[in-house]
>>> print(open('model_1.cif').read())   # mmCIF, C-alpha atoms
data_target
#
loop_
_atom_site.group_PDB
_atom_site.id
_atom_site.type_symbol
_atom_site.label_atom_id
_atom_site.label_comp_id
_atom_site.auth_asym_id
_atom_site.auth_seq_id
_atom_site.Cartn_x
_atom_site.Cartn_y
_atom_site.Cartn_z
ATOM 1 C CA ALA A 395 31.758 155.362 -83.271
ATOM 2 C CA LEU A 396 29.448 152.325 -83.072
ATOM 3 C CA ASP A 397 29.636 150.045 -86.080
ATOM 4 C CA ASP A 398 26.631 148.572 -87.894
ATOM 5 C CA GLU A 399 26.908 145.224 -86.101
ATOM 6 C CA GLY A 400 26.545 146.692 -82.591
ATOM 7 C CA CYS A 401 30.171 146.050 -81.669
ATOM 8 C CA ASN A 402 32.440 148.406 -79.831
ATOM 9 C CA SER A 403 34.169 150.841 -82.145
ATOM 10 C CA LEU A 404 37.498 152.563 -81.782
ATOM 11 C CA LEU A 405 38.494 156.053 -80.711
ATOM 12 C CA GLY A 406 41.839 157.091 -82.213
ATOM 13 C CA LEU A 407 44.030 159.534 -80.297
ATOM 14 C CA HIS A 408 47.418 161.080 -80.944
ATOM 15 C CA VAL A 409 49.176 161.628 -77.625
ATOM 16 C CA VAL A 410 51.988 164.133 -77.031
ATOM 17 C CA VAL A 411 54.213 163.640 -73.986
ATOM 18 C CA GLN A 412 56.793 166.266 -73.041
ATOM 19 C CA ASN A 413 59.229 166.075 -70.131
ATOM 20 C CA PHE A 414 59.361 169.315 -68.144
ATOM 21 C CA SER A 415 61.333 167.820 -65.253
ATOM 22 C CA ARG A 416 65.093 167.704 -64.938
ATOM 23 C CA SER A 417 65.056 163.914 -64.527
ATOM 24 C CA PRO A 418 64.928 161.779 -67.656
ATOM 25 C CA LEU A 419 61.747 159.746 -68.152
ATOM 26 C CA LYS A 420 61.229 156.555 -70.145
ATOM 27 C CA LEU A 421 58.060 156.418 -72.237
ATOM 28 C CA VAL A 422 56.663 153.120 -73.483
ATOM 29 C CA ALA A 423 53.701 153.707 -75.804
ATOM 30 C CA GLN A 424 51.824 150.675 -74.470
ATOM 31 C CA SER A 425 51.979 152.059 -70.896
ATOM 32 C CA MET A 426 48.838 154.164 -71.416
ATOM 33 C CA MET A 427 45.377 153.490 -70.033
ATOM 34 C CA LEU A 428 42.185 155.302 -71.036
ATOM 35 C CA LYS A 429 39.713 155.467 -68.159
ATOM 36 C CA PHE A 430 36.024 156.026 -68.828
ATOM 37 C CA LYS A 431 33.408 157.694 -66.628
ATOM 38 C CA ASN A 432 31.567 154.355 -66.325
ATOM 39 C CA GLY A 433 34.612 152.833 -64.568
ATOM 40 C CA ASP A 434 35.951 150.856 -67.549
ATOM 41 C CA SER A 435 39.611 151.101 -68.548
ATOM 42 C CA ARG A 436 41.196 150.291 -71.899
ATOM 43 C CA SER A 437 44.780 149.781 -73.051
ATOM 44 C CA PRO A 438 45.760 151.187 -76.448
ATOM 45 C CA MET A 439 45.885 149.179 -79.638
ATOM 46 C CA PHE A 440 48.138 150.102 -82.539
ATOM 47 C CA THR A 441 48.279 149.243 -86.215
ATOM 48 C CA THR A 442 50.471 149.798 -89.218
ATOM 49 C CA SER A 443 47.590 148.964 -91.537
ATOM 50 C CA SER A 444 44.051 150.165 -92.184
ATOM 51 C CA SER A 445 42.737 146.613 -91.785
ATOM 52 C CA PRO A 446 40.762 146.025 -88.544
ATOM 53 C CA GLU A 447 42.419 142.608 -88.196
ATOM 54 C CA ALA A 448 45.801 144.341 -87.914
ATOM 55 C CA PHE A 449 45.061 146.021 -84.579
ATOM 56 C CA SER A 450 47.219 144.813 -81.731
ATOM 57 C CA SER A 451 48.176 145.880 -78.236
ATOM 58 C CA ALA A 452 51.677 144.587 -78.972
ATOM 59 C CA ALA A 453 52.529 146.644 -82.060
ATOM 60 C CA VAL A 454 56.097 147.862 -81.683
ATOM 61 C CA SER A 455 56.367 151.050 -83.693
ATOM 62 C CA SER A 456 53.892 153.673 -82.548
ATOM 63 C CA PHE A 457 55.914 156.894 -82.407
ATOM 64 C CA LEU A 458 55.148 159.537 -85.033
ATOM 65 C CA ALA A 459 57.815 161.982 -83.835
ATOM 66 C CA VAL A 460 60.488 162.157 -81.152
ATOM 67 C CA SER A 461 62.410 165.225 -80.040
ATOM 68 C CA HIS A 462 65.824 164.786 -78.413
ATOM 69 C CA GLU A 463 68.346 167.536 -77.644
ATOM 70 C CA GLY A 464 66.578 169.986 -79.956
ATOM 71 C CA CYS A 465 66.379 167.638 -82.958
ATOM 72 C CA VAL A 466 63.034 166.233 -84.077
ATOM 73 C CA THR A 467 62.820 162.866 -85.820
ATOM 74 C CA GLU A 468 59.657 162.301 -87.849
ATOM 75 C CA ASP A 469 61.009 159.801 -90.374
ATOM 76 C CA ALA A 470 58.954 156.604 -90.175
ATOM 77 C CA ALA A 471 61.942 154.517 -91.261
ATOM 78 C CA GLN A 472 64.046 155.858 -88.367
ATOM 79 C CA LEU A 473 61.223 155.347 -85.867
ATOM 80 C CA ALA A 474 60.306 151.869 -87.116
ATOM 81 C CA GLY A 475 60.801 149.323 -84.363
ATOM 82 C CA VAL A 476 61.196 151.926 -81.602
ATOM 83 C CA ALA A 477 59.340 150.519 -78.589
ATOM 84 C CA GLU A 478 60.366 153.112 -75.990
ATOM 85 C CA VAL A 479 62.114 156.465 -75.746
ATOM 86 C CA ILE A 480 64.018 158.287 -73.025
ATOM 87 C CA LEU A 481 62.858 161.887 -72.727
ATOM 88 C CA GLU A 482 65.358 164.342 -71.275
ATOM 89 C CA GLN A 483 64.169 167.749 -70.053
ATOM 90 C CA TRP A 484 62.160 169.523 -72.819
ATOM 91 C CA ASP A 485 62.177 166.448 -75.097
ATOM 92 C CA PHE A 486 58.825 165.249 -76.417
ATOM 93 C CA ALA A 487 57.301 162.307 -78.243
ATOM 94 C CA VAL A 488 54.150 162.014 -80.342
ATOM 95 C CA VAL A 489 52.476 158.626 -79.956
ATOM 96 C CA GLY A 490 49.852 157.768 -82.492
ATOM 97 C CA THR A 491 47.480 156.676 -83.439
ATOM 98 C CA CYS A 492 46.443 155.006 -80.174
ATOM 99 C CA TYR A 493 43.132 153.214 -80.656
ATOM 100 C CA PHE A 494 40.870 152.489 -77.705
ATOM 101 C CA THR A 495 37.608 150.553 -77.760
ATOM 102 C CA VAL A 496 34.762 152.757 -76.555
ATOM 103 C CA PRO A 497 31.867 151.646 -74.347
ATOM 104 C CA LEU A 498 29.047 149.865 -76.149
ATOM 105 C CA GLY A 499 26.330 152.282 -77.214
ATOM 106 C CA VAL A 500 28.648 155.216 -77.973
ATOM 107 C CA ARG A 501 27.848 156.256 -81.537
ATOM 108 C CA PHE A 502 29.719 159.476 -82.335
ATOM 109 C CA GLU A 503 33.201 160.879 -81.781
ATOM 110 C CA PRO A 504 32.074 163.694 -79.440
ATOM 111 C CA ASP A 505 30.105 161.144 -77.398
ATOM 112 C CA ALA A 506 33.184 158.905 -77.248
ATOM 113 C CA LEU A 507 35.321 161.815 -76.028
ATOM 114 C CA GLU A 508 32.641 162.828 -73.534
ATOM 115 C CA SER A 509 32.606 159.292 -72.092
ATOM 116 C CA CYS A 510 36.335 159.544 -71.295
ATOM 117 C CA GLU A 511 37.457 160.551 -67.813
ATOM 118 C CA GLN A 512 41.240 160.578 -68.140
ATOM 119 C CA LEU A 513 44.220 159.185 -69.999
ATOM 120 C CA VAL A 514 46.852 157.815 -67.621
ATOM 121 C CA ILE A 515 50.433 157.327 -68.783
ATOM 122 C CA ASP A 516 53.027 155.457 -66.748
ATOM 123 C CA LEU A 517 56.481 156.981 -67.149
ATOM 124 C CA VAL A 518 59.583 155.450 -65.580
ATOM 125 C CA THR A 519 62.488 157.343 -64.085
ATOM 126 C CA PRO A 520 65.501 155.379 -65.311
ATOM 127 C CA ASN A 521 67.353 154.091 -62.281
ATOM 128 C CA SER A 522 70.838 155.447 -61.725
ATOM 129 C CA THR A 523 71.819 152.284 -59.869
ATOM 130 C CA VAL A 524 73.000 149.803 -62.466
ATOM 131 C CA GLY A 525 71.577 146.309 -62.098
ATOM 132 C CA ARG A 526 68.558 147.133 -59.909
ATOM 133 C CA GLU A 527 65.669 144.833 -60.713
ATOM 134 C CA ASP A 528 62.888 147.403 -60.482
ATOM 135 C CA GLY A 529 64.356 149.595 -63.239
ATOM 136 C CA GLY A 530 63.231 152.853 -61.637
ATOM 137 C CA LYS A 531 60.266 154.627 -60.119
ATOM 138 C CA ILE A 532 56.927 154.772 -61.978
ATOM 139 C CA VAL A 533 55.437 158.241 -62.364
ATOM 140 C CA LYS A 534 51.729 158.292 -63.281
ATOM 141 C CA VAL A 535 50.659 161.256 -65.396
ATOM 142 C CA ALA A 536 46.933 161.861 -65.908
ATOM 143 C CA ALA A 537 45.322 164.035 -68.583
ATOM 144 C CA LYS A 538 41.687 164.724 -67.728
ATOM 145 C CA PHE A 539 39.002 165.179 -70.383
ATOM 146 C CA ASP A 540 37.057 168.434 -70.020
ATOM 147 C CA GLU A 541 33.544 168.017 -71.393
ATOM 148 C CA SER A 542 32.996 171.765 -71.812
ATOM 149 C CA ARG A 543 36.019 172.015 -74.121
ATOM 150 C CA ILE A 544 35.069 168.978 -76.186
ATOM 151 C CA TRP A 545 31.690 170.341 -77.268
ATOM 152 C CA LYS A 546 33.174 173.691 -78.373
ATOM 153 C CA HIS A 547 34.591 171.954 -81.438
ATOM 154 C CA TYR A 548 31.560 170.037 -82.774
ATOM 155 C CA THR A 549 28.377 171.114 -84.529
ATOM 156 C CA GLU A 550 25.353 168.848 -84.868
ATOM 157 C CA VAL A 551 24.079 168.973 -88.450
ATOM 158 C CA THR A 552 21.266 166.437 -87.936
ATOM 159 C CA ASN A 553 20.443 164.119 -85.066
ATOM 160 C CA GLN A 554 22.762 161.483 -86.588
ATOM 161 C CA PHE A 555 25.574 163.629 -88.013
ATOM 162 C CA TRP A 556 28.274 165.698 -86.264
ATOM 163 C CA VAL A 557 30.907 167.942 -87.844
ATOM 164 C CA PHE A 558 34.236 168.924 -86.354
ATOM 165 C CA ALA A 559 33.583 172.672 -86.426
ATOM 166 C CA GLU A 560 37.035 174.169 -85.937
ATOM 167 C CA ARG A 561 40.604 173.312 -85.198
ATOM 168 C CA PRO A 562 41.562 174.026 -81.587
ATOM 169 C CA ASN A 563 43.688 177.065 -80.876
ATOM 170 C CA LEU A 564 44.883 178.688 -77.658
ATOM 171 C CA GLU A 565 41.701 180.748 -77.281
ATOM 172 C CA THR A 566 39.289 177.817 -77.652
ATOM 173 C CA VAL A 567 41.190 175.009 -75.931
#
>>> encode(input="model_1.cif", output="structure tokens")
Amino acid sequence: ALDDEGCNSLLGLHVVVQNFSRSPLKLVAQSMMLKFKNGDSRSPMFTTSSSPEAFSSAAVSSFLAVSHEGCVTEDAAQLAGVAEVILEQWDFAVVGTCYFTVPLGVRFEPDALESCEQLVIDLVTPNSTVGREDGGKIVKVAAKFDESRIWKHYTEVTNQFWVFAERPNLETV
């Protein structure tokens, strides 16, 4: 994912967050951090356009789908402007596409994924005490990248060309 000018390129991820706990959790799309094996960390950037100039860490609408009380909302018009969601037990949200700059020298998607250590998401337990300044307790959730699983899905055609070989399923993930 390295561009022709030697600049850092972007890795785009869709992120699904589901609440399995009984306590509600607040998800803010910008509360994610991608940590790399080299020690670097990156915040996500979002866009509503295909133009590189349109990328921003402050883009408001970044939810593709939100589930609440058994109903799933996928309508972009309804999700436009949504900056955060409260997830009750079993609710989920799909955040995407989150773009992260990859370390300089990474050229291909599988290399970019291999350079990742973990994606950390800060969730907040909404405070039951009205008027408290801290707004609740932060719960850090980490999703680790497993190198052995990444390479199961790519085939090298030539030394400069990789193909996504198959869609993940329960047996291969």
>>> closest_residue(input="model_1.cif", among="A:Pro497, A:Pro504, A:Pro418, A:Pro520", to="A:Glu482", atoms="only C-alpha atoms")
A:Pro418
>>> atom_distance(input="model_1.cif", atom1="atom CA of A:Thr441", atom2="atom CA of A:Asn402")
17.1 Å
>>> closest_residue(input="model_1.cif", among="A:Glu478, A:Trp484, A:Ser435, A:Val411", to="A:Cys465", atoms="all atoms listed in the file")
A:Trp484
>>> closest_residue(input="model_1.cif", among="A:Thr519, A:Glu468, A:Val488, A:Lys546", to="A:Val533", atoms="only C-alpha atoms")
A:Thr519
>>> closest_residue(input="model_1.cif", among="A:His462, A:His408, A:Arg501, A:Lys534", to="A:Met427", atoms="only C-alpha atoms")
A:Lys534
